[in-house]
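J.: First the structure, which I've put down as structure tokens, then a few questions once you've had a look.
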Amino acid sequence: MAKIIVDGVEVDVPAEYTLLQAAEAAGAEVPRFCYHERLSIAGNCRMCLVEVKGAPKPVASCAWGVRDCRPGPNGEPPEISTKSPTVKKAREGVMEFLLINHPLDCPICDQGGQCDLQDQAMAYGVDTSRFHENKRAVTDKYLGPLVRTSMNRCIHCTRCVRFTAEVAGVPDMGALWRGEDMEITSYLEKALGSELQANIADLCPVGALTHKPESYHYRPWELTKTDSVDVMDAVGSSIRVDSRGREVMRILPRVNEAVNEEWISDKTRQIVDGLRLQRLDRPFVRENGRLRPASWQEAFAAIAAKVKGSVPEKIGAIVGDLAAVEEMFALKLLMESLGVTNVDARQDGTVLSPAYGRGSYLFNTTIPGIEDADAILIVGSNPRYEASLVNVRIRKRWRAAPPPIALIGENVDLTYPYEYLGAGPDTLSELASGRHSFIEKLRGAERPLIIVGQGALARPDGLAVLSAVAKLAQDVGAVKDGWNGFSVLHTAASRVGALDLGLVPGEGGLTAQQMAQGGVDVLFSLGADEIDIAPGAFVVYQGTHGDRGAHRADVILPAATYTEKSGTYVNTEGRVQMANRAAFAPGEAREDWAILRALSDVLGRRLPFDSLNALRAKLYAAHPHFAAVDTVQPADGSAAIQALAGIGGTPDREAFESPVKDFYLTNPIARASGVMAECSALARELKLEAAE
Amino acid sequence: MAVRKLAPEELQPESFVLSPETEAFAQQQIAKYPPGRQASAVIALLGKAQEQAGGWLPRKAIEAVAARLDMPVIRVMEVATFYTMFNLEPVGKYFVQFCGTTPCVLRGAGDIKKVLERRIGDQNQITADGTFSWLEVECLGACSNAPMVQINDDYYEDLTPENFEKLLDDLAAGRPVRKGSQIGRNRSEPFEAVKTLQDPSLYDGSQIGAWRKRFEEQAQPAATGETEAAVASVPQEARAAKPGAGRAIETEAADTPAERVKKGETPINPADRKEAADPSRATTGDSHTEEGARPAPQSGKSYVATPSKPEEGSPVPVSPTTPVAGTPPSQAETRRDGSESKPDVVVDKDNKTS
């Protein structure tokens with residue numbers, strides 16, 4: 001620790017802090033453009049100049065370490081000033097230079113109202129310009145469908161260049177030419193090939209990079225901000241949903257060090273248009289092979305008639321990927337009251353089950369825990385597309401000090417180098433039997449991390465694979481006191497919550513695949529869109545979008561998306577998080593739990609709650625860990641792994657395949673989004689180009 | 001600096017493969033750096049690739065260098081576009097870099113430029129036969145032999161329109177040419193005849209190189225057995241070698257904090273410290289305006305000096321152009337209708353003057 005005096009306040013900070021960090025620790029505000037906590041230091045905007053006592057010139061505080069300061073003549077702590085007249089003059093000078101070439105187009109700029117340059121020019125600048133020459137003109141660049149450029153506004157902070165190179169791991173952007181001619185661009189103006197690219201528009205301190213899909217649609221001060229959680233993948237990124245009136249206008253990341261730091265994937269951010277397109281806004285009933293709009297009463301009556309005509313063994317329920325815990329709980333109670341055991345939330349056919357303990361299906365290491373791992377083995381997963389933010393963490397770990405990383409599965413670009421071991425279970429057993437050198441690295445590691453993805457589990461021999469992985473984890477000592485390196489990576493936001501609730505087939509019950517292939521007469525689908533239901537069964541689809549599930553349905557009950565209801569989601573780590581309502585569902589669509597409550601009344605099995613709070617009270621009584629929002633209830637790792645290892649079995653020889661075939665089109669909301677369709681087409685194009 | 005661009009697509013070659021020679025050069029360059037730091041060789045490799053490609057860098061060459069050095073293409077592109085000596089568009093077989101900086105212009109570079117324009121055409125234009133192209137560059141550092149041009153790797157100096165024409169003719173015809181000065185002088189020696197530095201005493205060691213003689217003389221006593229005497233004359237208290245030794249005589253400053261500590265006093269005079277901490281002594285320094293000379297009234301926020309009334313030749317001491325923050329509009333001294341920043345504008349409401 002080193003002492004430093006900031007504006008007369010003495011603070012004790014780590015010696016490796018920069019002056020800027022020290023000033024912040026002392027409560028002083030230092031303006032900056034290029035500096036960003038999560039990116040490397042560039043020191044090129046010069047806005048953070050401070051005065052160091054004894055230094056002849058102001059210094060850039062972001063690039064000057066506390067340990068580099070000279071003490072006073074008698075060993076006094078170094079002293080810096082962030083408020084002196086010199087600093088004020090320096091900031092005014094820097095600001096004047098920055099504004100020389102910055103166009104005065106704030107009234108037509110999307111960044112207006114959320115612009116660092118605007119704010120800091122007000123706070124630290126002067127009110128006039130002495131520059132009489134022409135301003136610089138730069139052609140706008142094409143960076144893909146998500147980021148609009150207006151390069152006249154660029155102040156060359158290079159945050160976007162550093163983000164793509166460092167965090168996203170796709171070094172597509174750079175600064176060409178030099179001096180006044182410097183231009184930020186991608187190579188040959190190709191679209192950026194990153195699934196995190198839209199974050200550069202958030203990072204841009206000016207209006208040079210803005211979000212293309214939502215450009216010119218709103219002003220930031222018109223929006224109502226709602227803190228929520230993302231459901232596009234099982235990471236559960238913290239987001240802020242900004243809405244105007246009934247409509248969600250944009251989704252932004254929220255800082256959450258435990259999950260997404262401050263990034264979100266493009267899918268999380270840009271499915272906004274999918275929230276209003278293709279929506280189911282009234283109930284439908286199929287008559288003579290065609291769906292016709294109906295009233296809620298008609299729809300319920302149709303369901304009741306079918307349910308009453310069936311025996312419980314011929315009724316089933318499948319839960320989709322976007323369902324919140326509340327409606328899953330309501331569905332579970334309803335099915336229990338009907339005596340139905342055919343309930344399954346695993347429409348992809350994964351073998352995970354609460355039977356082996358909670359530790360058998362969680363990402364036990366937790367996402368911040370990845371940074372502590374010293375050897376990483378990925379089995380049957382492509383984390384870059386299954387859980388982009390988990391991949392960002394692995395990359396962060398790799399950048400800090402490259403640990404040995406290996407992968408069994410598809411040989412894909414994960415943005416960091418790894419040892420490719422093989423494609424399928426054969427390699428896994430080879431590794432387990434010690435015939436592969438990587439096993440030594442795993443054994444030698446103090447905190448080995450084994451990530452097993454759905455590509456290895458959602459297959460007929462998944463249980464044998466899972467058991468083999470568990471055995472391997474036991475063998476290398478991945479589960480011990482203070483470290484649980486056995487982690488399951490999920491792809492569906494609802495999955496862990498559903499497993500926590502026990503939404504798996506009961507005694508003699510059918511799995512989702514069996515139900516879909518004609519095992520039942522009446523099938524209740526709670527937003528299950530990723531499964532093909534064979535003709536024959538009477539399908540009740542409760543969901544939000546006119547997607548695959550709705551096309552097959554006989555009765556459609558319109559429901560609310562995650563931005564239109566308050567719902568609990570449990571991410572892949574087991575972290576319980578709450579999504580909040582930012583807007584209202586369109587038309588006659590209702591919140592899912594309320595639909596189930598109303599349906600239960602018609603079926604004569606009234607559920608014992610009349611409000612969301614009453615439902616939650618019941619839920620928390622039955623499953624207390626759901627009440628602990630934003631925390632992870634650690635699971636008993638060794639018992640779970642023991643149970644898994646005991647299953648045994650022989651896996652097939654088929655190679656692992658990631659369940660995420662198209663990152664941009666994994667759920668009904670994304671498939672309804674035009675922006676995602678464009679991204680998907682572009683990604684296919686890039687893939688083809690790369691294959692050439 | 002002129003805006004440069006990558007060459008248009010139709011000029012770009014289909015492919016570019018590093019030649020064995022370039023590859024050998026690359027290995028030699030990469031070996032200079034520690035393993036994993038091969039990217040450090042990027043400038044050298046780009047230069048060699050430019051040589052191989054005929055004086056310019058096609059896009060494929062940039063990509064080939066990136067692949068060779070295992071770098072993202074955009075990083076190599078950044079380097080190639082940063083340095084102006086990488087030509088991104090094709091150049092002639094003889095690429096003339098014409099110096100257009102002041103010393104050359106004073107010595108007649110304008111005429112040389114006319115020759116270039118007449119014989120080759122505009123800058124960055126290649127002649128129809130592909131022999132020449134030219135570009136005006138900043139000072140190439142051969143000012144004493146101005147005017148000059150650089151053609152490919154060599155300097156051609158002391159140009160006149162006549163000898164430059166001949167030089168271009170010879171190059172075009174493939175005849176051997178003389179590098180350096182075109183008027184036959186040796187490097188940058190005086191132009192016609194050597195008239196200075198002719199005094200023989202300059203070369204006999206009596207003036208230039210006298211130190212050598214002195215050293216030799218000083219070395220003599222040691223040889224003649226006078227070493228002991230010399231040793232005896234060395235002061236007994238040998239001084240520690242210091243960086244400052246042999247420079248200014250080291251006496252301690254009269255009153256430094258270090259000196260005070262040595263004497264057991266308070267390191268810093270409390271009065272001095274108090275004075276130094278006085279905010280009025282902050283870095284801006286004291287204002288040394290004389291009594292009575294008052295600065296022109298200005299907005300505290302503005303750099304723009306208050307406009308003056310030309311007929312009076314003095315600043316307009318009417319009122320600050322910007323009211324003091326917090327002044328209610330009703331009490332503001334000036335109008336706030338947009339004309340307050342234009343004190344010279346006389347609003348003639350009755351439109352009498354015409």
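Convention: chains lettered A, B, ... in structure tokens order; per-chain residue numbering from 1; ligands numbered from 1 as shown.
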Which residues are close to Met1 in chain A, i.e. within 12 Å by only C-alpha atoms, leaving aside same-chain residues fewer than 6 positions away? Reply as an mmCIF file with C-alpha atoms, in the first residue's frame.
T.:
data_model
loop_
_atom_site.group_PDB
_atom_site.id
_atom_site.type_symbol
_atom_site.label_atom_id
_atom_site.label_comp_id
_atom_site.auth_asym_id
_atom_site.auth_seq_id
_atom_site.Cartn_x
_atom_site.Cartn_y
_atom_site.Cartn_z
ATOM 1 C CA VAL A 11 -5.392 8.078 1.046
ATOM 2 C CA ASP A 12 -3.766 4.711 1.301
ATOM 3 C CA VAL A 13 -4.021 2.805 -1.965
ATOM 4 C CA PRO A 14 -2.235 -0.176 -3.513
ATOM 5 C CA ALA A 15 1.005 0.972 -5.091
ATOM 6 C CA GLU A 16 -0.003 -0.402 -8.465
ATOM 7 C CA TYR A 17 -2.988 1.932 -8.648
ATOM 8 C CA ALA A 22 -6.146 6.893 -6.404
ATOM 9 C CA VAL A 66 1.140 5.816 -7.668
ATOM 10 C CA ARG A 67 4.415 3.949 -7.216
ATOM 11 C CA PRO A 77 3.634 11.203 0.474
#
J.: If we count only C-alpha atoms, which residues of chain A reach to within 9 Å of chain B? Please list them as a VMD selection string.
T.: chain A and resid 73 to 74 84 to 86 125 to 130 170 to 182 185 to 188
J.: Within 8 Å of Asp348 in chain A, counting only C-alpha atoms, which residues show up once you throw out same-chain ones fewer than 5 positions away? Write them as a ChimeraX atom specification, please.
T.: /A:458,530-531
J.: When you look at Leu69 in chain B with a cut-off of 8 Å (counting only C-alpha atoms), what residues show up, excluding the ones that are within fewer than 4 positions of it in the same chain? I need them as a PyMOL selection string.
T.: chain B and resi 38-39+41-42+65
J.: What does the file look like for those residues with C-alpha atoms, as a compact mmCIF listing (two decimals), in the first residue's frame?
T.:
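The result, stored in part31.txt:
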# COMPACT_ATOMS: atom_id res chain seq x y z
CA GLN B 38 7.81 -11.99 -34.09
CA ALA B 39 5.39 -9.12 -34.65
CA ALA B 41 9.62 -7.50 -37.37
CA VAL B 42 6.60 -6.06 -39.09
CA VAL B 65 3.05 -10.35 -44.01
J.: Which of these, A:Ser310, A:Thr544, A:Asn364, A:Asn613, has the shortest distance to Ser638 in chain A once you count only C-alpha atoms?
T.: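 Among A:Ser310, A:Thr544, A:Asn364, A:Asn613, it is A:Asn364 that comes nearest to Ser638 in chain A.
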J.: Just list the residues in range 342-424 of chain A DSSP gives helix (DSSP H, G or I) on the backbone, as a list in words.
T.: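 So the helix (DSSP H, G or I) residues in range 342-424 of chain A would be Pro354, Ala355, Tyr356, Arg358, Gly359, Ser360, Pro368, Gly369, Ile370, Glu371, Asp372, Pro383, Arg384, Tyr385, Glu386, Ser388, Leu389, Val390, Asn391, Val392, Arg393, Ile394, Arg395, Lys396, Arg397, Trp398, Arg399 and Ala400 of chain A.
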J.: Based on the selection just made, write N, CA and C atoms of those residues as an mmCIF file, in the first residue's frame.
T.:
data_model
loop_
_atom_site.group_PDB
_atom_site.id
_atom_site.type_symbol
_atom_site.label_atom_id
_atom_site.label_comp_id
_atom_site.auth_asym_id
_atom_site.auth_seq_id
_atom_site.Cartn_x
_atom_site.Cartn_y
_atom_site.Cartn_z
ATOM 1 N N PRO A 354 -32.556 -33.689 -11.179
ATOM 2 C CA PRO A 354 -32.330 -33.411 -9.753
ATOM 3 C C PRO A 354 -32.108 -34.678 -8.948
ATOM 4 N N ALA A 355 -32.345 -35.843 -9.561
ATOM 5 C CA ALA A 355 -32.184 -37.100 -8.818
ATOM 6 C C ALA A 355 -30.772 -37.262 -8.277
ATOM 7 N N TYR A 356 -29.788 -36.704 -8.994
ATOM 8 C CA TYR A 356 -28.389 -36.896 -8.564
ATOM 9 C C TYR A 356 -27.901 -35.765 -7.672
ATOM 10 N N ARG A 358 -28.364 -31.407 -6.508
ATOM 11 C CA ARG A 358 -28.317 -30.115 -7.188
ATOM 12 C C ARG A 358 -26.932 -29.865 -7.788
ATOM 13 N N GLY A 359 -25.919 -30.391 -7.123
ATOM 14 C CA GLY A 359 -24.564 -30.181 -7.615
ATOM 15 C C GLY A 359 -24.297 -30.867 -8.941
ATOM 16 N N SER A 360 -25.208 -31.744 -9.378
ATOM 17 C CA SER A 360 -24.964 -32.479 -10.610
ATOM 18 C C SER A 360 -25.364 -31.684 -11.847
ATOM 19 N N PRO A 368 -17.495 -16.058 -11.708
ATOM 20 C CA PRO A 368 -16.252 -15.421 -11.238
ATOM 21 C C PRO A 368 -15.199 -16.456 -10.852
ATOM 22 N N GLY A 369 -15.654 -17.657 -10.486
ATOM 23 C CA GLY A 369 -14.721 -18.708 -10.103
ATOM 24 C C GLY A 369 -13.813 -19.135 -11.233
ATOM 25 N N ILE A 370 -14.257 -18.900 -12.491
ATOM 26 C CA ILE A 370 -13.428 -19.271 -13.638
ATOM 27 C C ILE A 370 -12.066 -18.589 -13.541
ATOM 28 N N GLU A 371 -12.072 -17.375 -12.979
ATOM 29 C CA GLU A 371 -10.815 -16.628 -12.915
ATOM 30 C C GLU A 371 -9.815 -17.258 -11.954
ATOM 31 N N ASP A 372 -10.283 -18.181 -11.108
ATOM 32 C CA ASP A 372 -9.368 -18.854 -10.185
ATOM 33 C C ASP A 372 -8.862 -20.181 -10.723
ATOM 34 N N PRO A 383 -18.600 -22.639 -25.689
ATOM 35 C CA PRO A 383 -19.072 -21.578 -24.787
ATOM 36 C C PRO A 383 -19.228 -20.231 -25.474
ATOM 37 N N ARG A 384 -18.506 -20.026 -26.567
ATOM 38 C CA ARG A 384 -18.599 -18.724 -27.206
ATOM 39 C C ARG A 384 -20.028 -18.435 -27.653
ATOM 40 N N TYR A 385 -20.723 -19.462 -28.125
ATOM 41 C CA TYR A 385 -22.087 -19.239 -28.586
ATOM 42 C C TYR A 385 -23.141 -19.767 -27.633
ATOM 43 N N GLU A 386 -22.776 -20.678 -26.746
ATOM 44 C CA GLU A 386 -23.764 -21.176 -25.802
ATOM 45 C C GLU A 386 -23.899 -20.247 -24.609
ATOM 46 N N SER A 388 -21.956 -16.675 -24.120
ATOM 47 C CA SER A 388 -20.884 -15.771 -24.546
ATOM 48 C C SER A 388 -20.135 -15.150 -23.378
ATOM 49 N N LEU A 389 -20.872 -14.820 -22.319
ATOM 50 C CA LEU A 389 -20.211 -14.127 -21.222
ATOM 51 C C LEU A 389 -19.342 -15.056 -20.392
ATOM 52 N N VAL A 390 -19.692 -16.349 -20.386
ATOM 53 C CA VAL A 390 -18.808 -17.329 -19.746
ATOM 54 C C VAL A 390 -17.511 -17.406 -20.547
ATOM 55 N N ASN A 391 -17.656 -17.364 -21.875
ATOM 56 C CA ASN A 391 -16.466 -17.403 -22.713
ATOM 57 C C ASN A 391 -15.594 -16.174 -22.495
ATOM 58 N N VAL A 392 -16.254 -15.035 -22.278
ATOM 59 C CA VAL A 392 -15.496 -13.810 -21.996
ATOM 60 C C VAL A 392 -14.673 -13.990 -20.721
ATOM 61 N N ARG A 393 -15.277 -14.675 -19.716
ATOM 62 C CA ARG A 393 -14.540 -14.910 -18.467
ATOM 63 C C ARG A 393 -13.348 -15.835 -18.698
ATOM 64 N N ILE A 394 -13.574 -16.874 -19.495
ATOM 65 C CA ILE A 394 -12.459 -17.797 -19.753
ATOM 66 C C ILE A 394 -11.355 -17.037 -20.473
ATOM 67 N N ARG A 395 -11.762 -16.208 -21.417
ATOM 68 C CA ARG A 395 -10.762 -15.424 -22.134
ATOM 69 C C ARG A 395 -10.046 -14.462 -21.185
ATOM 70 N N LYS A 396 -10.802 -13.907 -20.251
ATOM 71 C CA LYS A 396 -10.193 -12.995 -19.273
ATOM 72 C C LYS A 396 -9.155 -13.754 -18.448
ATOM 73 N N ARG A 397 -9.536 -14.967 -18.044
ATOM 74 C CA ARG A 397 -8.612 -15.816 -17.298
ATOM 75 C C ARG A 397 -7.372 -16.104 -18.138
ATOM 76 N N TRP A 398 -7.611 -16.393 -19.424
ATOM 77 C CA TRP A 398 -6.495 -16.720 -20.303
ATOM 78 C C TRP A 398 -5.582 -15.518 -20.487
ATOM 79 N N ARG A 399 -6.161 -14.332 -20.556
ATOM 80 C CA ARG A 399 -5.338 -13.138 -20.744
ATOM 81 C C ARG A 399 -4.509 -12.818 -19.503
ATOM 82 N N ALA A 400 -5.065 -13.126 -18.338
ATOM 83 C CA ALA A 400 -4.344 -12.809 -17.108
ATOM 84 C C ALA A 400 -3.049 -13.603 -17.031
#
J.: So how far away is CA of His436 in chain A from CA of Arg459 in chain A, in Å?
T.: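 Interatomic distance here is 24.8 Å.
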J.: Skip range 171-176 of chain B itself and residues of its chain fewer than 4 positions away, then list as a ChimeraX atom specification all residues within 8 Å of it, counting only C-alpha atoms.
T.: /B:94,131,167
J.: Quick one: residues within 9 Å of range 546-551 of chain A, only C-alpha atoms counted, chain neighbours fewer than 5 positions away excluded, as a ChimeraX atom specification?
T.: /A:278-280,291,525,527-533,539-541,556,668-669,671-672
J.: Using the selection just defined, write its residues with C-alpha atoms as a short mmCIF file (atom, residue, chain, number, x, y, z; two decimals), in the first residue's frame.
T.:
data_model
loop_
_atom_site.label_atom_id
_atom_site.label_comp_id
_atom_site.auth_asym_id
_atom_site.auth_seq_id
_atom_site.Cartn_x
_atom_site.Cartn_y
_atom_site.Cartn_z
CA GLN A 278 -44.90 -12.02 -34.42
CA ARG A 279 -46.59 -11.63 -31.07
CA LEU A 280 -49.56 -13.67 -30.00
CA LEU A 291 -56.55 -21.46 -36.06
CA SER A 525 -46.59 -26.71 -23.87
CA GLY A 527 -43.44 -22.05 -24.52
CA ALA A 528 -41.72 -25.19 -25.80
CA ASP A 529 -40.59 -24.11 -29.27
CA GLU A 530 -37.46 -26.17 -29.76
CA ILE A 531 -39.18 -29.53 -30.02
CA ASP A 532 -41.19 -31.09 -32.85
CA ILE A 533 -44.49 -32.45 -31.68
CA VAL A 539 -51.50 -29.34 -28.04
CA VAL A 540 -52.14 -26.39 -25.81
CA TYR A 541 -49.45 -23.82 -26.43
CA ILE A 556 -52.99 -20.89 -28.15
CA PRO A 668 -38.76 -17.58 -30.48
CA ILE A 669 -38.02 -13.97 -29.55
CA ARG A 671 -36.37 -15.74 -34.43
CA ALA A 672 -38.99 -13.00 -34.59
#
J.: Can you tell me, as a PyMOL selection string, what residues are no more than 7 Å from range 312-325 of chain A when counting only C-alpha atoms, ignoring any on the same chain fewer than 4 positions away?
T.: chain A and resi 231+329+338-340+342-345+347+492-495+497-498+512+515+520-529+567-569
J.: Go through A:Ile41, A:Trp221, A:Asp105, A:Ser680 and flag the residue nearest Pro145 in chain A, using only C-alpha atoms for the distances.
T.: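 Of all the options, A:Ser680 lies closest to Pro145 in chain A.
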J.: Pick out each residue of range 67-255 of chain B that DSSP on the backbone tags as strand (DSSP E); I need them as a ChimeraX atom specification.
T.: /B:94-99,132-137,149-151,154-157,180-181
J.: Convert the current residue selection to file output with C-alpha atoms, as a PDB file, in the first residue's frame.
T.:
ATOM      1  CA  TYR B  94      11.914   4.817 -60.934  1.00  0.00           C
ATOM      2  CA  PHE B  95      10.026   6.390 -58.069  1.00  0.00           C
ATOM      3  CA  VAL B  96      11.137   9.994 -57.705  1.00  0.00           C
ATOM      4  CA  GLN B  97      10.685  11.533 -54.300  1.00  0.00           C
ATOM      5  CA  PHE B  98      11.123  15.196 -54.884  1.00  0.00           C
ATOM      6  CA  CYS B  99      12.122  17.377 -51.950  1.00  0.00           C
ATOM      7  CA  PHE B 132       8.541   6.994 -63.702  1.00  0.00           C
ATOM      8  CA  SER B 133       6.281   8.348 -61.031  1.00  0.00           C
ATOM      9  CA  TRP B 134       6.961  11.084 -58.571  1.00  0.00           C
ATOM     10  CA  LEU B 135       5.852  12.452 -55.256  1.00  0.00           C
ATOM     11  CA  GLU B 136       6.673  15.615 -53.402  1.00  0.00           C
ATOM     12  CA  VAL B 137       7.998  14.867 -49.945  1.00  0.00           C
ATOM     13  CA  VAL B 149      15.477  14.151 -55.341  1.00  0.00           C
ATOM     14  CA  GLN B 150      15.510  10.599 -54.136  1.00  0.00           C
ATOM     15  CA  ILE B 151      15.013   8.010 -56.847  1.00  0.00           C
ATOM     16  CA  ASP B 154      19.489   6.806 -53.950  1.00  0.00           C
ATOM     17  CA  TYR B 155      19.914  10.557 -53.634  1.00  0.00           C
ATOM     18  CA  TYR B 156      20.589  12.746 -56.673  1.00  0.00           C
ATOM     19  CA  GLU B 157      21.765  16.174 -55.651  1.00  0.00           C
ATOM     20  CA  GLY B 180      24.858  11.814 -55.370  1.00  0.00           C
ATOM     21  CA  SER B 181      25.919  15.187 -56.636  1.00  0.00           C
TER      22      SER B 181
END
J.: Can you work out the spacing between CA of Lys471 in chain A and CA of Ile647 in chain A in Å, to one decimal?
T.: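 Interatomic distance here is 9.8 Å.
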J.: Please determine, counting only C-alpha atoms, which residue among A:Thr226, A:Gln297, A:Gln197, A:Gly587 has the shortest atom-to-atom distance to Gln270 in chain A.
T.: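 Of all the options, A:Gln197 lies closest to Gln270 in chain A.
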J.: As an exercise, work out the distance from CA of Leu168 in chain B to CA of Ala146 in chain B in Å and give it to one decimal place.
T.: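 Calculated distance between CA of Leu168 in chain B and CA of Ala146 in chain B is 17.5 Å.
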